[in-house]
Each structure stands twice: as C-alpha cells, then as structure tokens.
Amino acid sequence: MAEKGRFAPSPSGRMHLGNLFSFYVAWLDARSVGGKVVLRMEDLDPDRTGERWIGHIVEDLRWLGLDWNEGYGVGGPDGPYCQRERTALYDAAFEQLRAQEAVYPCWCSRAQRLAASAPHPGEERDLGHCPCRDLSRAEREARAMVKAPAWKVALPHEAVRFRDLIQGEQAFDLARDCGDFVIRRADGVYGYQLAVTVDDALMGVTRVVRGRDLLDSAARQIWLMEQLGYHAPVYAHVPLLLAPDGRRLSKRERDLDMGALRERFSPGSLHQLLWNLLPLSDHRVEGQDFSIDKVGKEDIYIEILE
C-alpha cells in the first residue's frame with residue numbers, strides 16, 4: 001500500500017502556529033517517504049465550525065505552498081472530505097459496535113463527565129467507566145423515555161501498546177488511562193474518536209502525524225480499529241509549541257494565527273521559521289534529509305509575537 005499522510009484541521013477558527021507546525025511536520029513526513037497527503041475537514045460540530053474558516057485554511061495553506069494530493073478542494077477517490085458529509089459511514093460503524101455490545105447509552109451531563117475524569121491531587125488516575133454502564137435494561141428504558149442518551153464505548157482493562165515514531169514505545173490500559181468515552185452525543189453528532197478512526201481507515205491513511213496532546217487518542221483509535229476490522233496506521237506525535245508561560249498555543253487565545261503570520265512573514269521565511277522550530281539533532285537545509293524519527297520529544301517554548 002502506498003504511504004499516505006493527512007492533515008485534518010477543525011475549521012473553528014484561523015489556523016495558529018501550533019496547527020501549522022503539526023501540518024508542516026506531517027507534510028515533510030509524507031513527502032520524505034514518497035507518500036501522498038490528504039486534506040480532511042473535521043467539521044463535525046455545526047455550532048463551532050463553518051465555511052468561513054474552511055476557506056481561510058485552504059487559502060492559507062496554498063499561500064504557504066503546502067500542497068495535498070487529495071481531499072478538500074481537489075477531490076479524490078475516498079471522499080467526501082468534510083466530516084459533516086460522512087454521517088452514513090459513522091452510522092454504519094456505530095451500528096457495528098452496537099451489534100457487538102461494545103457501546104452503551106449514557107445520561108451523564110457534561111459536568112458529570114468532566115468531574116469523573118479529573119483526579120484529585122496525588123491520586124492515581126483510573127477513569128474506569130461511568131455508572132450508566134451498570135444500569136439495568138429497565139432503568140435504561142425508563143431514562144430513555146425522559147431524555148435521549150449519548151453513547152459511550154465500554155472499554156476493558158486491556159493494554160494497548162504501540163511504537164510512536166517520535167515519542168517511542170507506548171502502553172495504555174484502556175479503562176484506567178482512557179476511560180469509557182462518548183462516540184455519539186445525545187443530539188446525534190458523532191464524537192471525534194469514532195469519526196477520525198473511520199475516516200483514517202477508509203481514506204487509506206497509513207501515517208498519522210499530529211500534536212503530542214493527542215497521544216492517548218491513539219490508544220482509543222487503535223482499539224476502535226480492531227473492533228471495526230481496520231488496520232491501524234503508524235503514529236507520530238510531535239512536540240507542542242508553548243507560550244513562555246507554559247500554556248499551549250490555541251485558537252481561543254488567538255495565538256500567532258495565520259492573519260498575523262502573513263503580515264510578518266513571506267511564504268519562504270515562514271517555511272524557514274517552521275524548519276528552525278523542529279527539534280532536530282542538527283539543522284540541515286530546509287526540506288532535505290528529513291526523517292520523522294529524528295524529531296525530538298520535548299515541547300518547544302516560543303516567544304509570542306505582539
């Protein structure tokens with residue numbers, strides 16, 4: 001199978017330097033192994049995403065010269081390339097998991113879910129599963145008469161091990177480290193983990209390069225792929241770009257977004273900035289002799305441009 005990487009932004013705002021850095025590394029990786037790149041829009045949530053931001057993402061990437069072989073704006077054999085248009089595929093995967101009794105209905109509020117996932121200081125984290133998993137059939141039927149449920153996967157205490165191309169050997173106990181997670185909201189919108197798993201598999205993605213904050217998502221997605229009969233890609237989780245105070249760059253904080261970057265840099269100088277940010281053993285000529293396993297693990301502190 002030909003190698004294929006991907007960039008899958010959420011069009012909920014203008015790309016910032018952290019988003020761009022992850023895509024740059026994904027692009028370098030795919031090109032270094034003679035692979036293709038697919039651009040997919042992760043626009044599942046209609047309340048947070050929109051065409052305005054999709055247009056910005058596409059135009060900014062083209063301005064920078066980071067191209068893709070298939071996906072949004074260029075087409076290809078595995079479309080559609082917007083998640084909002086792929087609901088039927090997620091429906092089929094959900095029904096397969098439901099037939100396997102790998103999912104259960106959940107009526108917990110968002111506040112309850114967040115409280116359950118936040119350990120107290122000094123405690124060993126064991127996310128386990130929520131109380132809704134233990135409800136009887138009669139109790140579930142009674143609750144369903146009052147409120148539509150979300151749906152969660154029922155994770156076992158089972159180890160998932162994989163070698164990350166940057167972060168090295170990884171091992172997660174699914175129940176303890178990940179916990180049961182929502183794959184379909186009460187309003188019918190599918191969750192990130194299921195949609196990404198289905199999309200990566202059906203689009204033939206073989207290499208997933210993304211931020212280190214999504215490292216434990218790989219364990220969830222590998223497990224889902226096994227349940228659905230897919231083959232998992234290889235993963236590489238790049239260091240995060242951090243502000244001087246240690247916080248992660250974000251769209252919410254409007255950190256170094258593409259509007260500001262394009263005012264300060266030409267495409268060539270921005271390429272050079274991204275290359276210089278790479279924690280490589282040595283800074284070779286930009287774009288030459290790149291290998292993903294030469295990228296360092298540690299997060300990168302940068303100055304914030306005013």
# chains A, B, ... in the order shown; residues from 1 in each chain; ligands from 1
>>> residues_around(residues="Leu174 in chain A", least_positions_apart="3", cutoff="6 Å", atoms="only C-alpha atoms", output="list in words")
His157, Glu158, Asp177 and Cys178 of chain A
>>> write_last_selection(atoms="all heavy atoms", output="PDB file, in the first residue's frame")
ATOM      1  N   HIS A 157     -10.278  -3.372  30.819  1.00  0.00           N
ATOM      2  CA  HIS A 157      -8.932  -3.196  31.366  1.00  0.00           C
ATOM      3  C   HIS A 157      -8.005  -4.049  30.499  1.00  0.00           C
ATOM      4  O   HIS A 157      -7.715  -5.198  30.790  1.00  0.00           O
ATOM      5  CB  HIS A 157      -8.877  -3.642  32.830  1.00  0.00           C
ATOM      6  CG  HIS A 157      -9.225  -2.556  33.786  1.00  0.00           C
ATOM      7  ND1 HIS A 157      -8.409  -1.464  34.010  1.00  0.00           N
ATOM      8  CD2 HIS A 157     -10.318  -2.370  34.567  1.00  0.00           C
ATOM      9  CE1 HIS A 157      -8.976  -0.659  34.890  1.00  0.00           C
ATOM     10  NE2 HIS A 157     -10.134  -1.191  35.249  1.00  0.00           N
ATOM     11  N   GLU A 158      -7.560  -3.442  29.423  1.00  0.00           N
ATOM     12  CA  GLU A 158      -6.767  -4.160  28.430  1.00  0.00           C
ATOM     13  C   GLU A 158      -5.667  -3.224  27.935  1.00  0.00           C
ATOM     14  O   GLU A 158      -5.904  -2.029  27.724  1.00  0.00           O
ATOM     15  CB  GLU A 158      -7.674  -4.568  27.266  1.00  0.00           C
ATOM     16  CG  GLU A 158      -7.016  -5.233  26.102  1.00  0.00           C
ATOM     17  CD  GLU A 158      -8.031  -5.546  25.010  1.00  0.00           C
ATOM     18  OE1 GLU A 158      -8.993  -6.304  25.280  1.00  0.00           O
ATOM     19  OE2 GLU A 158      -7.875  -5.028  23.897  1.00  0.00           O
ATOM     20  N   ASP A 177      -6.492   4.443  31.824  1.00  0.00           N
ATOM     21  CA  ASP A 177      -5.872   5.648  31.266  1.00  0.00           C
ATOM     22  C   ASP A 177      -6.783   6.440  30.342  1.00  0.00           C
ATOM     23  O   ASP A 177      -6.579   7.643  30.169  1.00  0.00           O
ATOM     24  CB  ASP A 177      -4.601   5.265  30.493  1.00  0.00           C
ATOM     25  CG  ASP A 177      -3.564   4.601  31.371  1.00  0.00           C
ATOM     26  OD1 ASP A 177      -3.463   4.971  32.554  1.00  0.00           O
ATOM     27  OD2 ASP A 177      -2.849   3.702  30.877  1.00  0.00           O
ATOM     28  N   CYS A 178      -7.741   5.793  29.723  1.00  0.00           N
ATOM     29  CA  CYS A 178      -8.626   6.466  28.765  1.00  0.00           C
ATOM     30  C   CYS A 178     -10.046   6.580  29.299  1.00  0.00           C
ATOM     31  O   CYS A 178     -10.677   7.633  29.207  1.00  0.00           O
ATOM     32  CB  CYS A 178      -8.629   5.723  27.431  1.00  0.00           C
ATOM     33  SG  CYS A 178      -6.996   5.577  26.665  1.00  0.00           S
TER      34      CYS A 178
END
>>> residues_around(residues="Leu66 in chain A", least_positions_apart="5", cutoff="9 Å", atoms="only C-alpha atoms", output="VMD selection string")
chain A and resid 23 to 24 27 61
>>> residues_around(residues="Val25 in chain A", least_positions_apart="5", cutoff="10 Å", atoms="only C-alpha atoms", output="PDB file with N, CA and C atoms, in the first residue's frame")
ATOM      1  N   LEU A  20      -0.228  24.886  12.327  1.00  0.00           N
ATOM      2  CA  LEU A  20       0.596  24.922  11.134  1.00  0.00           C
ATOM      3  C   LEU A  20       1.855  24.068  11.305  1.00  0.00           C
ATOM      4  N   ALA A  30       5.277  12.816   5.034  1.00  0.00           N
ATOM      5  CA  ALA A  30       4.685  12.128   3.887  1.00  0.00           C
ATOM      6  C   ALA A  30       5.580  12.262   2.658  1.00  0.00           C
ATOM      7  N   ARG A  31       6.087  13.449   2.416  1.00  0.00           N
ATOM      8  CA  ARG A  31       6.931  13.653   1.242  1.00  0.00           C
ATOM      9  C   ARG A  31       8.260  12.906   1.375  1.00  0.00           C
ATOM     10  N   VAL A 209       0.373  12.026  11.743  1.00  0.00           N
ATOM     11  CA  VAL A 209       1.305  12.930  12.424  1.00  0.00           C
ATOM     12  C   VAL A 209       0.479  14.084  12.982  1.00  0.00           C
ATOM     13  N   ARG A 210       0.550  14.288  14.302  1.00  0.00           N
ATOM     14  CA  ARG A 210      -0.273  15.312  14.955  1.00  0.00           C
ATOM     15  C   ARG A 210       0.366  15.681  16.282  1.00  0.00           C
ATOM     16  N   GLY A 211      -0.266  16.589  17.038  1.00  0.00           N
ATOM     17  CA  GLY A 211       0.297  17.080  18.279  1.00  0.00           C
ATOM     18  C   GLY A 211       0.346  16.048  19.391  1.00  0.00           C
ATOM     19  N   ALA A 236       2.813   9.370  14.890  1.00  0.00           N
ATOM     20  CA  ALA A 236       3.934  10.210  15.300  1.00  0.00           C
ATOM     21  C   ALA A 236       3.347  11.467  15.931  1.00  0.00           C
ATOM     22  N   HIS A 237       3.604  11.668  17.211  1.00  0.00           N
ATOM     23  CA  HIS A 237       3.026  12.801  17.934  1.00  0.00           C
ATOM     24  C   HIS A 237       4.108  13.834  18.198  1.00  0.00           C
ATOM     25  N   VAL A 238       3.967  14.977  17.530  1.00  0.00           N
ATOM     26  CA  VAL A 238       5.010  15.995  17.534  1.00  0.00           C
ATOM     27  C   VAL A 238       4.941  16.822  18.811  1.00  0.00           C
ATOM     28  N   LEU A 274       9.394  27.551  10.508  1.00  0.00           N
ATOM     29  CA  LEU A 274       8.875  26.235  10.890  1.00  0.00           C
ATOM     30  C   LEU A 274      10.003  25.207  10.944  1.00  0.00           C
ATOM     31  N   TRP A 275      10.890  25.263   9.960  1.00  0.00           N
ATOM     32  CA  TRP A 275      12.019  24.321   9.948  1.00  0.00           C
ATOM     33  C   TRP A 275      12.925  24.540  11.154  1.00  0.00           C
ATOM     34  N   LEU A 278      11.872  22.933  14.419  1.00  0.00           N
ATOM     35  CA  LEU A 278      11.989  21.487  14.572  1.00  0.00           C
ATOM     36  C   LEU A 278      13.151  21.133  15.500  1.00  0.00           C
ATOM     37  N   PHE A 290      14.971  14.924   5.682  1.00  0.00           N
ATOM     38  CA  PHE A 290      14.080  14.868   6.839  1.00  0.00           C
ATOM     39  C   PHE A 290      13.712  13.420   7.152  1.00  0.00           C
ATOM     40  N   SER A 291      13.703  13.084   8.431  1.00  0.00           N
ATOM     41  CA  SER A 291      13.225  11.779   8.880  1.00  0.00           C
ATOM     42  C   SER A 291      12.473  11.981  10.179  1.00  0.00           C
ATOM     43  N   ILE A 292      11.252  11.457  10.252  1.00  0.00           N
ATOM     44  CA  ILE A 292      10.386  11.716  11.401  1.00  0.00           C
ATOM     45  C   ILE A 292      11.006  11.231  12.701  1.00  0.00           C
ATOM     46  N   VAL A 295      13.040  13.730  14.958  1.00  0.00           N
ATOM     47  CA  VAL A 295      12.385  14.832  15.667  1.00  0.00           C
ATOM     48  C   VAL A 295      12.400  14.540  17.165  1.00  0.00           C
TER      49      VAL A 295
END
>>> closest_atom_pairs(of="range 82-199 of chain A", to="range 216-222 of chain A", cutoff="7 Å", atoms="only C-alpha atoms", output="CSV")
residue,atom,partner,partner_atom,distance
A:Val160,CA,A:Ala219,CA,6.0
A:Phe172,CA,A:Ala219,CA,6.6
A:Gln193,CA,A:Gln221,CA,6.3
A:Thr197,CA,A:Gln221,CA,5.6
>>> write_last_selection(atoms="N, CA and C atoms", output="PDB file, in the first residue's frame")
ATOM      1  N   VAL A 160      -3.114  -1.506  25.425  1.00  0.00           N
ATOM      2  CA  VAL A 160      -2.834  -1.209  24.027  1.00  0.00           C
ATOM      3  C   VAL A 160      -1.402  -0.702  23.965  1.00  0.00           C
ATOM      4  N   PHE A 172      -0.944   1.827  27.137  1.00  0.00           N
ATOM      5  CA  PHE A 172      -2.087   2.410  27.831  1.00  0.00           C
ATOM      6  C   PHE A 172      -3.016   1.291  28.281  1.00  0.00           C
ATOM      7  N   GLN A 193     -13.424  10.670  18.265  1.00  0.00           N
ATOM      8  CA  GLN A 193     -12.683   9.408  18.215  1.00  0.00           C
ATOM      9  C   GLN A 193     -13.243   8.457  17.153  1.00  0.00           C
ATOM     10  N   THR A 197     -11.340   7.648  13.458  1.00  0.00           N
ATOM     11  CA  THR A 197     -11.000   6.243  13.217  1.00  0.00           C
ATOM     12  C   THR A 197     -11.544   5.775  11.874  1.00  0.00           C
TER      13      THR A 197
END
>>> closest_residue(among="A:Pro149, A:Gly179, A:Pro279, A:Gly191", to="Tyr301 in chain A", atoms="only C-alpha atoms")
A:Pro279
>>> closest_residue(among="A:Ala93, A:Leu224, A:Cys106, A:Ala232", to="Gly204 in chain A", atoms="only C-alpha atoms")
A:Ala232
>>> residues_around(residues="range 37-48 of chain A", least_positions_apart="3", cutoff="6 Å", atoms="only C-alpha atoms", output="JSON, numbers by chain")
{"A": [4, 5, 6, 7, 8, 9, 10, 12, 68, 69, 70, 71, 72, 81, 82, 83, 84]}
>>> write_last_selection(atoms="N, CA and C atoms", output="tab-separated table (two decimals), in the first residue's frame")
chain	number	residue	atom	x	y	z
A	4	LYS	N	0.43	7.26	2.92
A	4	LYS	CA	-0.45	8.43	2.85
A	4	LYS	C	-0.53	9.08	4.22
A	5	GLY	N	-0.21	10.36	4.26
A	5	GLY	CA	-0.39	11.16	5.47
A	5	GLY	C	-1.63	12.01	5.34
A	6	ARG	N	-1.89	12.76	6.39
A	6	ARG	CA	-3.09	13.61	6.31
A	6	ARG	C	-2.94	14.82	7.22
A	7	PHE	N	-3.73	15.84	6.87
A	7	PHE	CA	-3.93	16.97	7.75
A	7	PHE	C	-5.42	17.11	7.93
A	8	ALA	N	-5.87	17.15	9.18
A	8	ALA	CA	-7.31	17.14	9.44
A	8	ALA	C	-7.66	18.26	10.43
A	9	PRO	N	-7.66	19.50	9.96
A	9	PRO	CA	-7.96	20.62	10.86
A	9	PRO	C	-9.44	20.71	11.19
A	10	SER	N	-9.72	21.28	12.36
A	10	SER	CA	-11.09	21.62	12.72
A	10	SER	C	-11.32	23.07	12.34
A	12	SER	N	-12.68	25.76	13.10
A	12	SER	CA	-13.37	26.52	14.14
A	12	SER	C	-12.70	27.86	14.38
A	68	TRP	N	-1.50	19.28	-1.19
A	68	TRP	CA	-2.07	17.97	-0.88
A	68	TRP	C	-2.55	17.33	-2.17
A	69	ASN	N	-2.56	16.00	-2.17
A	69	ASN	CA	-2.85	15.24	-3.39
A	69	ASN	C	-4.33	14.95	-3.55
A	70	GLU	N	-5.03	14.84	-2.44
A	70	GLU	CA	-6.46	14.60	-2.50
A	70	GLU	C	-7.11	15.22	-1.28
A	71	GLY	N	-8.41	15.41	-1.37
A	71	GLY	CA	-9.11	15.98	-0.24
A	71	GLY	C	-9.90	17.20	-0.62
A	72	TYR	N	-10.16	18.03	0.38
A	72	TYR	CA	-10.99	19.20	0.17
A	72	TYR	C	-10.41	20.10	-0.92
A	81	TYR	N	-14.79	14.75	1.74
A	81	TYR	CA	-13.66	15.07	2.61
A	81	TYR	C	-14.02	16.06	3.72
A	82	CYS	N	-15.31	16.28	3.92
A	82	CYS	CA	-15.81	17.01	5.09
A	82	CYS	C	-16.58	16.03	5.96
A	83	GLN	N	-16.30	16.02	7.24
A	83	GLN	CA	-16.94	15.04	8.12
A	83	GLN	C	-18.46	15.22	8.18
A	84	ARG	N	-18.94	16.43	8.00
A	84	ARG	CA	-20.39	16.63	8.08
A	84	ARG	C	-21.12	15.89	6.96
>>> atom_distance(atom1="CA of Pro233 in chain A", atom2="CA of Val196 in chain A")
11.8 Å
>>> select_by_dssp(residues="range 124-153 of chain A", states="strand (DSSP E or B)", output="MDAnalysis selection string")
chainID A and resid 150:153
>>> select_by_dssp(residues="range 14-44 of chain A", states="alpha helix (DSSP H)", output="PyMOL selection string")
chain A and resi 17-32
>>> write_last_selection(atoms="all heavy atoms", output="short mmCIF file (atom, residue, chain, number, x, y, z; two decimals), in the first residue's frame")
data_model
loop_
_atom_site.label_atom_id
_atom_site.label_comp_id
_atom_site.auth_asym_id
_atom_site.auth_seq_id
_atom_site.Cartn_x
_atom_site.Cartn_y
_atom_site.Cartn_z
N LEU A 17 0.00 29.05 14.83
CA LEU A 17 1.31 28.48 14.53
C LEU A 17 1.42 27.02 14.96
O LEU A 17 2.08 26.23 14.31
CB LEU A 17 2.41 29.32 15.20
CG LEU A 17 3.85 28.94 14.88
CD1 LEU A 17 4.13 29.06 13.39
CD2 LEU A 17 4.82 29.81 15.67
N GLY A 18 0.75 26.65 16.06
CA GLY A 18 0.79 25.26 16.51
C GLY A 18 0.15 24.32 15.52
O GLY A 18 0.70 23.25 15.21
N ASN A 19 -1.03 24.68 14.99
CA ASN A 19 -1.68 23.88 13.95
C ASN A 19 -0.77 23.75 12.74
O ASN A 19 -0.57 22.67 12.19
CB ASN A 19 -2.98 24.53 13.48
CG ASN A 19 -3.97 24.80 14.57
OD1 ASN A 19 -4.58 25.87 14.60
ND2 ASN A 19 -4.17 23.87 15.48
N LEU A 20 -0.23 24.89 12.33
CA LEU A 20 0.60 24.92 11.13
C LEU A 20 1.86 24.07 11.31
O LEU A 20 2.27 23.36 10.38
CB LEU A 20 0.97 26.36 10.82
CG LEU A 20 1.69 26.62 9.50
CD1 LEU A 20 0.83 26.18 8.33
CD2 LEU A 20 2.04 28.11 9.39
N PHE A 21 2.44 24.11 12.49
CA PHE A 21 3.65 23.33 12.76
C PHE A 21 3.36 21.83 12.62
O PHE A 21 4.13 21.09 12.00
CB PHE A 21 4.16 23.64 14.17
CG PHE A 21 5.40 22.91 14.55
CD1 PHE A 21 6.61 23.17 13.93
CD2 PHE A 21 5.37 21.95 15.56
CE1 PHE A 21 7.77 22.50 14.29
CE2 PHE A 21 6.52 21.28 15.94
CZ PHE A 21 7.72 21.55 15.30
N SER A 22 2.24 21.37 13.18
CA SER A 22 1.88 19.95 13.07
C SER A 22 1.68 19.54 11.61
O SER A 22 2.12 18.47 11.18
CB SER A 22 0.61 19.65 13.86
OG SER A 22 0.85 19.77 15.25
N PHE A 23 1.01 20.40 10.82
CA PHE A 23 0.79 20.07 9.42
C PHE A 23 2.10 20.07 8.65
O PHE A 23 2.34 19.22 7.79
CB PHE A 23 -0.20 21.03 8.78
CG PHE A 23 -0.47 20.72 7.32
CD1 PHE A 23 -0.73 19.41 6.93
CD2 PHE A 23 -0.49 21.70 6.36
CE1 PHE A 23 -0.97 19.10 5.59
CE2 PHE A 23 -0.73 21.41 5.03
CZ PHE A 23 -0.97 20.10 4.64
N TYR A 24 2.96 21.02 8.97
CA TYR A 24 4.26 21.09 8.31
C TYR A 24 5.05 19.79 8.52
O TYR A 24 5.62 19.23 7.58
CB TYR A 24 5.03 22.28 8.85
CG TYR A 24 6.42 22.49 8.27
CD1 TYR A 24 6.60 22.85 6.94
CD2 TYR A 24 7.54 22.32 9.07
CE1 TYR A 24 7.88 23.05 6.41
CE2 TYR A 24 8.82 22.52 8.56
CZ TYR A 24 8.98 22.88 7.23
OH TYR A 24 10.24 23.07 6.73
N VAL A 25 5.07 19.29 9.76
CA VAL A 25 5.78 18.05 10.04
C VAL A 25 5.11 16.88 9.32
O VAL A 25 5.77 16.00 8.77
CB VAL A 25 5.88 17.79 11.55
CG1 VAL A 25 6.63 16.48 11.83
CG2 VAL A 25 6.58 18.94 12.26
N ALA A 26 3.76 16.85 9.32
CA ALA A 26 3.05 15.80 8.60
C ALA A 26 3.37 15.83 7.11
O ALA A 26 3.55 14.79 6.47
CB ALA A 26 1.54 15.94 8.82
N TRP A 27 3.44 17.03 6.56
CA TRP A 27 3.75 17.20 5.13
C TRP A 27 5.17 16.74 4.83
O TRP A 27 5.41 15.99 3.88
CB TRP A 27 3.54 18.67 4.78
CG TRP A 27 3.76 19.05 3.36
CD1 TRP A 27 2.90 18.87 2.31
CD2 TRP A 27 4.91 19.72 2.81
NE1 TRP A 27 3.44 19.39 1.15
CE2 TRP A 27 4.68 19.91 1.43
CE3 TRP A 27 6.11 20.17 3.36
CZ2 TRP A 27 5.60 20.53 0.59
CZ3 TRP A 27 7.03 20.80 2.52
CH2 TRP A 27 6.77 20.97 1.16
N LEU A 28 6.13 17.16 5.66
CA LEU A 28 7.51 16.72 5.48
C LEU A 28 7.62 15.20 5.57
O LEU A 28 8.33 14.56 4.78
CB LEU A 28 8.42 17.35 6.55
CG LEU A 28 8.79 18.82 6.39
CD1 LEU A 28 9.55 19.27 7.63
CD2 LEU A 28 9.61 19.07 5.14
N ASP A 29 6.91 14.62 6.54
CA ASP A 29 6.98 13.18 6.73
C ASP A 29 6.45 12.43 5.51
O ASP A 29 7.10 11.52 4.99
CB ASP A 29 6.19 12.78 7.97
CG ASP A 29 6.09 11.28 8.12
OD1 ASP A 29 7.14 10.62 8.28
OD2 ASP A 29 4.96 10.76 8.06
N ALA A 30 5.28 12.82 5.03
CA ALA A 30 4.68 12.13 3.89
C ALA A 30 5.58 12.26 2.66
O ALA A 30 5.82 11.28 1.93
CB ALA A 30 3.29 12.68 3.60
N ARG A 31 6.09 13.45 2.42
CA ARG A 31 6.93 13.65 1.24
C ARG A 31 8.26 12.91 1.37
O ARG A 31 8.80 12.42 0.38
CB ARG A 31 7.20 15.14 1.04
CG ARG A 31 5.96 15.99 0.76
CD ARG A 31 5.11 15.44 -0.35
NE ARG A 31 4.02 16.34 -0.73
CZ ARG A 31 2.86 15.94 -1.21
NH1 ARG A 31 2.64 14.63 -1.36
NH2 ARG A 31 1.92 16.80 -1.54
N SER A 32 8.78 12.78 2.59
CA SER A 32 10.07 12.12 2.78
C SER A 32 10.00 10.63 2.49
O SER A 32 11.04 10.00 2.21
CB SER A 32 10.57 12.34 4.21
OG SER A 32 9.84 11.59 5.16
#
